[in-house]
Amino acid sequence: MDKGLTLDRLEVLLGETCLLGLSARIAPGEVLTLMGPSGVGKSALLAALTGTLTAPLSAAGTAALDGTEITSLPPERRRLGVLFQESLLFPHLSVAGNLAFALPPGSRAARRAAVEEALAEVGLEGFGSRDPATLSGGEQARVALMRTLLAEPRALLLDEPFSRLDAARREDVRHLTFTRARDRGLPVLMVTHDAEDARAAAGRVVEAVPGRIVGDRPAA
């Protein structure tokens, strides 16, 4: 089986016009950064990958995860975890409730233990009963990361998730995100305009070019 995430001429189209495309293989535990300014279509490319692109845009090309083509699957079956600029924690749920939301069905004790273990993993022991609105930006980002990982994705997509954090928190959350992804052997595709994000990822960097499919083309 071809492990990792493979994009074969995956592109975002407006009518017949290519806005941006990417061909690349991302190995388990590897981070590939797609660099480019805001508005070039980086987020739309991630939406094409997750199956959430909306009209008038459309997608072409294919993507495969661990050897299985996923572009024909509905979004919920693609097993892709996504982190955005905003943490998007549910305001009506506690921190523990947000984490539990990502867990598969199981006994109450097992789910509680998984939530407590996740909080401990990111240094937030005892935060389960907290309202997400009372957390700092860095704390919210850590909860969002663990909620994504508890859903057991097979690849991780990062849509400038560090851009709203201050410099000190940004470095910590970046390190935490890349370390946890590598520990779990997840291929990671990050889109960003921040060169510091790319340096912290310590992986390949591809420059986004409007109207072109960039990256390395997978073999047929």
# chains A, B, ... in the order shown; residues from 1 in each chain; ligands from 1

call {"tool": "closest_atom_pairs", "arguments": {"of": "region 24-61 of chain A", "to": "region 205-215 of chain A", "cutoff": "9 Å", "atoms": "only C-alpha atoms", "output": "JSON lines"}}
result
{"residue": "A:Ala24", "atom": "CA", "partner": "A:Gly215", "partner_atom": "CA", "distance": 5.6}
{"residue": "A:Val31", "atom": "CA", "partner": "A:Val205", "partner_atom": "CA", "distance": 8.8}
{"residue": "A:Leu32", "atom": "CA", "partner": "A:Val205", "partner_atom": "CA", "distance": 6.0}
{"residue": "A:Thr33", "atom": "CA", "partner": "A:Val205", "partner_atom": "CA", "distance": 4.7}
{"residue": "A:Leu34", "atom": "CA", "partner": "A:Val206", "partner_atom": "CA", "distance": 4.9}
{"residue": "A:Met35", "atom": "CA", "partner": "A:Glu207", "partner_atom": "CA", "distance": 4.9}
{"residue": "A:Gly36", "atom": "CA", "partner": "A:Ala208", "partner_atom": "CA", "distance": 5.1}
{"residue": "A:Pro37", "atom": "CA", "partner": "A:Ala208", "partner_atom": "CA", "distance": 8.2}
{"residue": "A:Val40", "atom": "CA", "partner": "A:Pro210", "partner_atom": "CA", "distance": 6.0}
{"residue": "A:Gly41", "atom": "CA", "partner": "A:Pro210", "partner_atom": "CA", "distance": 7.7}
{"residue": "A:Lys42", "atom": "CA", "partner": "A:Ala208", "partner_atom": "CA", "distance": 7.6}

call {"tool": "write_last_selection", "arguments": {"atoms": "N, CA and C atoms", "output": "PDB file, in the first residue's frame"}}
result
ATOM      1  N   ALA A  24       1.493  16.309  -5.428  1.00  0.00           N
ATOM      2  CA  ALA A  24       2.535  16.015  -4.442  1.00  0.00           C
ATOM      3  C   ALA A  24       2.261  14.706  -3.735  1.00  0.00           C
ATOM      4  N   VAL A  31       5.703  17.013   6.677  1.00  0.00           N
ATOM      5  CA  VAL A  31       4.926  18.241   6.509  1.00  0.00           C
ATOM      6  C   VAL A  31       5.312  18.879   5.180  1.00  0.00           C
ATOM      7  N   LEU A  32       4.322  19.087   4.320  1.00  0.00           N
ATOM      8  CA  LEU A  32       4.527  19.837   3.083  1.00  0.00           C
ATOM      9  C   LEU A  32       3.837  21.182   3.238  1.00  0.00           C
ATOM     10  N   THR A  33       4.559  22.256   2.990  1.00  0.00           N
ATOM     11  CA  THR A  33       4.013  23.609   3.107  1.00  0.00           C
ATOM     12  C   THR A  33       3.759  24.190   1.731  1.00  0.00           C
ATOM     13  N   LEU A  34       2.534  24.666   1.524  1.00  0.00           N
ATOM     14  CA  LEU A  34       2.186  25.405   0.309  1.00  0.00           C
ATOM     15  C   LEU A  34       2.162  26.878   0.679  1.00  0.00           C
ATOM     16  N   MET A  35       3.149  27.608   0.189  1.00  0.00           N
ATOM     17  CA  MET A  35       3.322  29.019   0.533  1.00  0.00           C
ATOM     18  C   MET A  35       2.721  29.918  -0.524  1.00  0.00           C
ATOM     19  N   GLY A  36       2.081  30.999  -0.065  1.00  0.00           N
ATOM     20  CA  GLY A  36       1.569  31.970  -1.014  1.00  0.00           C
ATOM     21  C   GLY A  36       0.783  33.042  -0.301  1.00  0.00           C
ATOM     22  N   PRO A  37       0.580  34.191  -0.951  1.00  0.00           N
ATOM     23  CA  PRO A  37      -0.143  35.291  -0.318  1.00  0.00           C
ATOM     24  C   PRO A  37      -1.622  34.970  -0.170  1.00  0.00           C
ATOM     25  N   VAL A  40      -4.761  33.691  -3.023  1.00  0.00           N
ATOM     26  CA  VAL A  40      -4.258  32.956  -4.180  1.00  0.00           C
ATOM     27  C   VAL A  40      -5.022  31.647  -4.398  1.00  0.00           C
ATOM     28  N   GLY A  41      -5.790  31.211  -3.399  1.00  0.00           N
ATOM     29  CA  GLY A  41      -6.571  29.988  -3.551  1.00  0.00           C
ATOM     30  C   GLY A  41      -6.110  28.826  -2.698  1.00  0.00           C
ATOM     31  N   LYS A  42      -5.257  29.091  -1.710  1.00  0.00           N
ATOM     32  CA  LYS A  42      -4.720  28.006  -0.890  1.00  0.00           C
ATOM     33  C   LYS A  42      -5.824  27.321  -0.072  1.00  0.00           C
TER      34      LYS A  42
END

call {"tool": "closest_atom_pairs", "arguments": {"of": "region 98-164 of chain A", "to": "region 68-86 of chain A", "cutoff": "12 Å", "atoms": "only C-alpha atoms", "output": "JSON lines"}}
result
{"residue": "A:Ala102", "atom": "CA", "partner": "A:Gly81", "partner_atom": "CA", "distance": 10.8}
{"residue": "A:Gly137", "atom": "CA", "partner": "A:Glu86", "partner_atom": "CA", "distance": 9.2}
{"residue": "A:Gly138", "atom": "CA", "partner": "A:Glu86", "partner_atom": "CA", "distance": 11.1}
{"residue": "A:Gln140", "atom": "CA", "partner": "A:Glu86", "partner_atom": "CA", "distance": 9.0}
{"residue": "A:Ala141", "atom": "CA", "partner": "A:Glu86", "partner_atom": "CA", "distance": 8.1}
{"residue": "A:Arg142", "atom": "CA", "partner": "A:Leu83", "partner_atom": "CA", "distance": 10.6}
{"residue": "A:Val143", "atom": "CA", "partner": "A:Leu83", "partner_atom": "CA", "distance": 10.9}
{"residue": "A:Ala144", "atom": "CA", "partner": "A:Leu83", "partner_atom": "CA", "distance": 7.4}
{"residue": "A:Leu145", "atom": "CA", "partner": "A:Leu83", "partner_atom": "CA", "distance": 7.0}
{"residue": "A:Met146", "atom": "CA", "partner": "A:Leu83", "partner_atom": "CA", "distance": 10.3}
{"residue": "A:Arg147", "atom": "CA", "partner": "A:Gly81", "partner_atom": "CA", "distance": 9.5}
{"residue": "A:Thr148", "atom": "CA", "partner": "A:Gly81", "partner_atom": "CA", "distance": 5.7}
{"residue": "A:Leu149", "atom": "CA", "partner": "A:Gly81", "partner_atom": "CA", "distance": 7.3}
{"residue": "A:Leu150", "atom": "CA", "partner": "A:Gly81", "partner_atom": "CA", "distance": 9.7}
{"residue": "A:Ala151", "atom": "CA", "partner": "A:Gly81", "partner_atom": "CA", "distance": 7.7}
{"residue": "A:Glu152", "atom": "CA", "partner": "A:Arg79", "partner_atom": "CA", "distance": 7.6}
{"residue": "A:Pro153", "atom": "CA", "partner": "A:Arg79", "partner_atom": "CA", "distance": 4.8}
{"residue": "A:Arg154", "atom": "CA", "partner": "A:Arg79", "partner_atom": "CA", "distance": 5.6}
{"residue": "A:Ala155", "atom": "CA", "partner": "A:Leu80", "partner_atom": "CA", "distance": 5.2}
{"residue": "A:Leu156", "atom": "CA", "partner": "A:Gly81", "partner_atom": "CA", "distance": 4.8}
{"residue": "A:Leu157", "atom": "CA", "partner": "A:Val82", "partner_atom": "CA", "distance": 4.7}
{"residue": "A:Leu158", "atom": "CA", "partner": "A:Leu83", "partner_atom": "CA", "distance": 5.0}
{"residue": "A:Asp159", "atom": "CA", "partner": "A:Phe84", "partner_atom": "CA", "distance": 4.8}
{"residue": "A:Glu160", "atom": "CA", "partner": "A:Gln85", "partner_atom": "CA", "distance": 5.4}
{"residue": "A:Pro161", "atom": "CA", "partner": "A:Gln85", "partner_atom": "CA", "distance": 4.0}
{"residue": "A:Phe162", "atom": "CA", "partner": "A:Gln85", "partner_atom": "CA", "distance": 6.4}
{"residue": "A:Ser163", "atom": "CA", "partner": "A:Gln85", "partner_atom": "CA", "distance": 6.3}
{"residue": "A:Arg164", "atom": "CA", "partner": "A:Gln85", "partner_atom": "CA", "distance": 6.5}

call {"tool": "residues_around", "arguments": {"residues": "Glu116 (chain A)", "least_positions_apart": "4", "cutoff": "10 Å", "atoms": "only C-alpha atoms", "output": "list in words"}}
result
Ala96, Leu99, Ala100, Ala110, Arg111, Arg112, Ala120, Glu121, Leu124, Glu125, Gly126, Phe127 and Gly128 of chain A

call {"tool": "select_by_dssp", "arguments": {"residues": "region 21-117 of chain A", "states": "alpha helix (DSSP H)", "output": "list in words"}}
result
Lys42, Ser43, Ala44, Leu45, Leu46, Ala47, Ala48, Leu49, Thr50, Val95, Ala96, Gly97, Asn98, Leu99, Ala100, Phe101, Arg108, Ala109, Ala110, Arg111, Arg112, Ala113, Ala114, Val115, Glu116 and Glu117 of chain A
